[in-house]
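Text of start_19.cif (mmCIF, C-alpha atoms) as supplied:
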data_final
loop_
_atom_site.label_atom_id
_atom_site.label_comp_id
_atom_site.auth_asym_id
_atom_site.auth_seq_id
_atom_site.Cartn_x
_atom_site.Cartn_y
_atom_site.Cartn_z
CA GLY A 20 -2.74 5.58 36.91
CA ARG A 21 -3.94 7.17 33.71
CA GLN A 22 -0.65 8.84 32.86
CA GLY A 23 2.18 6.97 31.20
CA ASN A 24 -0.08 4.45 29.46
CA PRO A 25 2.03 1.64 27.88
CA ALA A 26 -0.55 1.17 25.09
CA ILE A 27 -0.02 4.79 23.98
CA LEU A 28 3.73 4.26 24.11
CA SER A 29 3.40 1.17 21.92
CA ARG A 30 1.27 3.02 19.34
CA LEU A 31 3.72 5.93 19.27
CA ARG A 32 6.69 3.63 18.71
CA SER A 33 4.83 1.82 15.92
CA LEU A 34 4.01 5.12 14.23
CA LEU A 35 7.59 6.37 14.49
CA HIS A 36 9.10 3.07 13.33
CA SER A 37 6.71 2.97 10.35
CA ARG A 38 8.26 6.30 9.31
CA GLY A 39 11.81 5.00 9.77
CA ILE A 40 12.45 7.07 12.88
CA GLN A 41 14.60 5.61 15.64
CA THR A 42 13.15 5.70 19.13
CA MET A 43 14.52 5.57 22.62
CA ILE A 44 12.44 5.07 25.74
CA VAL A 45 13.51 7.15 28.70
CA LEU A 46 11.86 6.66 32.08
CA LEU A 47 12.16 9.66 34.38
CA SER A 48 10.64 10.36 37.77
CA GLU A 49 10.18 13.97 36.67
CA ILE A 50 10.81 15.79 33.39
CA PHE A 51 13.10 18.80 33.77
CA PRO A 52 14.30 21.03 30.90
CA LYS A 53 17.99 20.65 31.91
CA LYS A 54 17.70 16.86 32.04
CA LEU A 55 16.24 16.65 28.54
CA GLU A 56 18.78 19.18 27.30
CA MET A 57 21.64 16.89 28.45
CA LEU A 58 20.02 13.93 26.70
CA SER A 59 19.31 15.95 23.53
CA LYS A 60 22.88 17.01 22.77
CA PRO A 61 24.82 15.41 19.92
CA THR A 62 27.14 12.63 21.07
CA SER A 63 30.92 12.74 20.97
CA SER A 64 30.86 9.72 18.63
CA GLY A 65 29.04 11.71 15.96
CA GLY A 66 25.41 10.97 16.86
CA SER A 67 23.00 13.78 16.03
CA GLY A 68 21.23 13.84 19.38
CA VAL A 69 17.51 14.02 19.98
CA CYS A 70 15.57 16.46 17.78
CA ALA A 71 12.23 16.06 19.60
CA TRP A 72 10.71 14.26 22.57
CA VAL A 73 7.26 12.75 22.84
CA GLN A 74 6.13 12.42 26.42
CA VAL A 75 3.27 10.27 27.67
CA ALA A 76 3.48 11.43 31.30
CA CYS A 77 1.02 14.31 31.34
CA PRO A 78 -0.69 15.89 28.34
CA ARG A 79 -0.52 19.36 29.84
CA LEU A 80 3.26 19.22 30.23
CA SER A 81 3.77 19.88 26.51
CA ILE A 82 1.09 22.58 26.42
CA ASP A 83 1.94 24.51 29.56
CA TRP A 84 5.71 23.98 29.85
CA GLY A 85 6.86 23.12 26.32
CA HIS A 86 8.46 26.51 25.71
CA TYR A 87 11.04 25.84 28.46
CA PHE A 88 12.67 22.93 26.61
CA CYS A 89 15.55 23.14 24.11
CA VAL A 90 13.81 20.87 21.58
CA PRO A 91 10.09 20.26 21.07
CA VAL A 92 8.42 18.13 23.76
CA LEU A 93 5.27 16.87 22.08
CA SER A 94 2.18 15.25 23.50
CA PRO A 95 0.99 12.09 21.73
CA PHE A 96 -1.77 14.15 20.06
CA GLU A 97 0.78 16.64 18.70
CA LEU A 98 2.87 13.83 17.23
CA TYR A 99 -0.18 12.40 15.44
CA VAL A 100 -0.97 15.87 14.04
CA ALA A 101 2.65 16.42 12.95
CA PHE A 102 2.56 13.17 10.95
CA GLY A 103 -0.82 13.91 9.37
CA GLU A 104 -2.54 11.09 11.26
CA VAL A 105 -5.42 13.20 12.66
CA GLU A 106 -8.09 13.16 9.97
CA ASN A 107 -10.50 15.54 11.71
CA ALA A 108 -8.85 18.92 11.11
CA ALA A 109 -11.42 20.54 13.39
CA LEU A 110 -9.44 19.06 16.29
CA TRP A 111 -6.28 20.99 15.51
CA VAL A 112 -6.99 23.87 13.12
CA ALA A 113 -7.38 27.12 15.03
CA GLU A 114 -10.75 28.85 14.81
CA GLU A 115 -9.03 31.88 13.31
CA GLU A 116 -7.77 29.73 10.41
CA LYS A 117 -11.26 28.33 9.84
CA THR A 118 -13.11 31.66 9.85
CA GLY A 119 -10.43 34.21 9.04
CA GLU A 120 -11.58 36.22 12.08
CA PRO A 121 -9.38 36.90 15.13
CA VAL A 122 -10.37 34.93 18.21
CA ASP A 123 -10.12 36.52 21.65
CA ASP A 124 -11.13 33.50 23.72
CA LEU A 125 -8.80 30.55 23.08
CA THR A 126 -10.34 28.38 25.80
CA ASP A 127 -11.71 25.73 23.43
CA GLN A 128 -8.94 25.85 20.85
CA TYR A 129 -7.04 22.72 21.86
CA PRO A 130 -8.61 19.29 22.31
CA MET A 131 -8.21 17.90 25.78
CA ASP A 132 -9.67 14.48 25.01
CA PHE A 133 -6.86 12.39 26.47
CA TYR A 134 -9.25 10.68 28.87
CA THR A 135 -12.36 10.36 26.69
CA LYS A 136 -13.60 7.02 25.46
CA SER A 137 -14.19 8.44 21.97
CA GLY A 138 -10.72 9.91 21.36
CA GLY A 139 -8.08 8.88 18.85
CA PRO A 140 -5.03 6.63 19.25
CA TRP A 141 -3.32 9.30 21.36
CA THR A 142 -5.88 8.76 24.14
CA ASN A 143 -5.90 6.39 27.10
CA TYR A 144 -9.17 4.68 26.27
CA TYR A 145 -8.69 4.20 22.53
CA GLU A 146 -10.55 1.16 21.18
CA SER A 147 -7.45 -1.02 21.03
CA ASN A 148 -7.20 -0.89 24.83
CA ALA A 149 -10.55 -2.68 25.16
CA LYS A 150 -8.92 -5.99 24.17
CA ARG A 151 -5.81 -5.48 26.29
CA LYS A 152 -5.23 -8.15 28.92
CA VAL A 153 -3.24 -7.89 32.09
CA LEU A 154 -0.33 -10.32 32.00
CA SER A 155 0.59 -12.28 35.07
CA TYR A 156 4.21 -13.23 35.59
CA GLY A 157 3.50 -15.65 38.41
CA VAL A 158 4.66 -13.26 41.11
#
Could you express the structure from this file as structure tokens?
Amino acid sequence: GRQGNPAILSRLRSLLHSRGIQTMIVLLSEIFPKKLEMLSKPTSSGGSGVCAWVQVACPRLSIDWGHYFCVPVLSPFELYVAFGEVENAALWVAEEEKTGEPVDDLTDQYPMDFYTKSGGPWTNYYESNAKRKVLSYGV
């Protein structure tokens, strides 16, 4: 399917590792706030716990349900914005910030380009996927 793209996961890990941030891959059949809360807590051996999650399962999960989690649950796009990797500020700066005028209709305020062929590295069809080959393990 389109969700859970391993190429996006690889790009996210590369970005985080380039910033010296440790990563952990967690595969869940479904993401529940309580489950992530248990995994986010500091460890008894002195580990600091998880301070944020980046999920590649469904882009709307972070947007629609993010406020239910104990730590931020970011979409790949949000992680790229947080690290200053999205050069086109028009994609993430609210219209109100651009014009100084209040905006009543927020319909077009958040890019939903996860499935476009022209999106950034947070999208499924980013240019680096064009060269990706399916590996056969002789099964």
Exercise for the section: Name the residues that the PyMOL selection byres ((chain A and resi 38-47) around 10) pulls out of this structure, and write them as a PyMOL selection string. Expected result: chain A and resi 23+28+31-37+48-51+54-55+58+69+72-74+76+102
Practice task
Compile the contact shell of Asn24 of chain A as a PyMOL selection string: residues with an atom at most 7 Å away, counting all atoms listed in the file, same-chain residues fewer than 3 positions apart removed.
Solution key: chain A and resi 21+27-28+75+143
Exercise for the section: Enter the distance from atom CA of Thr142 of chain A to atom CA of Pro78 of chain A, in Å, rounded to one decimal. Expected result: 9.8 Å
Practice task
Kindly give the distance, in Å, that separates atom CA of Ser67 of chain A and atom CA of Tyr99 of chain A, rounded to a single decimal.
Solution key: 23.2 Å
Neighbouring residues of Ile82 of chain A were defined as those with any atom within 9 Å, considering all atoms listed in the file; residues of the same chain fewer than 5 positions away were excluded. Please report them as a compact mmCIF listing (two decimals) with C-alpha atoms, in the frame of the given file.
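Result file follows (result-v4.txt):
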# COMPACT_ATOMS: atom_id res chain seq x y z
CA VAL A 92 8.42 18.13 23.76
CA LEU A 93 5.27 16.87 22.08
CA SER A 94 2.18 15.25 23.50
Practice task
Determine the nearest neighbour of Glu104 of chain A from the options A:Gly85, A:Gly139, A:Pro61, A:Pro91, counting all atoms listed in the file.
Solution key: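 Nearest to Glu104 of chain A: A:Gly139.
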Completion exercise
Atom pair atom CA of Lys60 of chain A + atom CA of Ser81 of chain A, distance 19.7 Å
Practice task
Within 10 Å of Arg30 of chain A, counting only C-alpha atoms, which residues show up once you throw out same-chain ones fewer than 5 positions away? Write them as a list in words, please.
Solution key: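 Here the qualifying residues turn out to be Pro25, Leu35, His36, Pro95, Pro140, Trp141 and Ser147 of chain A.
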Handout entry: Shortest interatomic distance to Tyr87 of chain A - which of A:Tyr144, A:Ala26, A:Asn107, A:Glu56, counting all atoms listed in the file
Key =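 Between A:Tyr144, A:Ala26, A:Asn107, A:Glu56, the residue approaching Tyr87 of chain A most closely is A:Glu56.
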Test item: axis-aligned box, all listed atoms of segment 59-69 of chain A, 8 Å on each side, centre and edges in Å rounded to one decimal, as JSON:
{"center_x": 24.2, "center_y": 13.4, "center_z": 19.7, "size_x": 29.4, "size_y": 23.3, "size_z": 23.6}
Practice task
Name the closest residue to Cys89 of chain A among the candidates A:Ser64, A:Ser29, A:Ser59, A:Ser137; distances are taken between atoms, counting only C-alpha atoms.
Solution key: A:Ser59
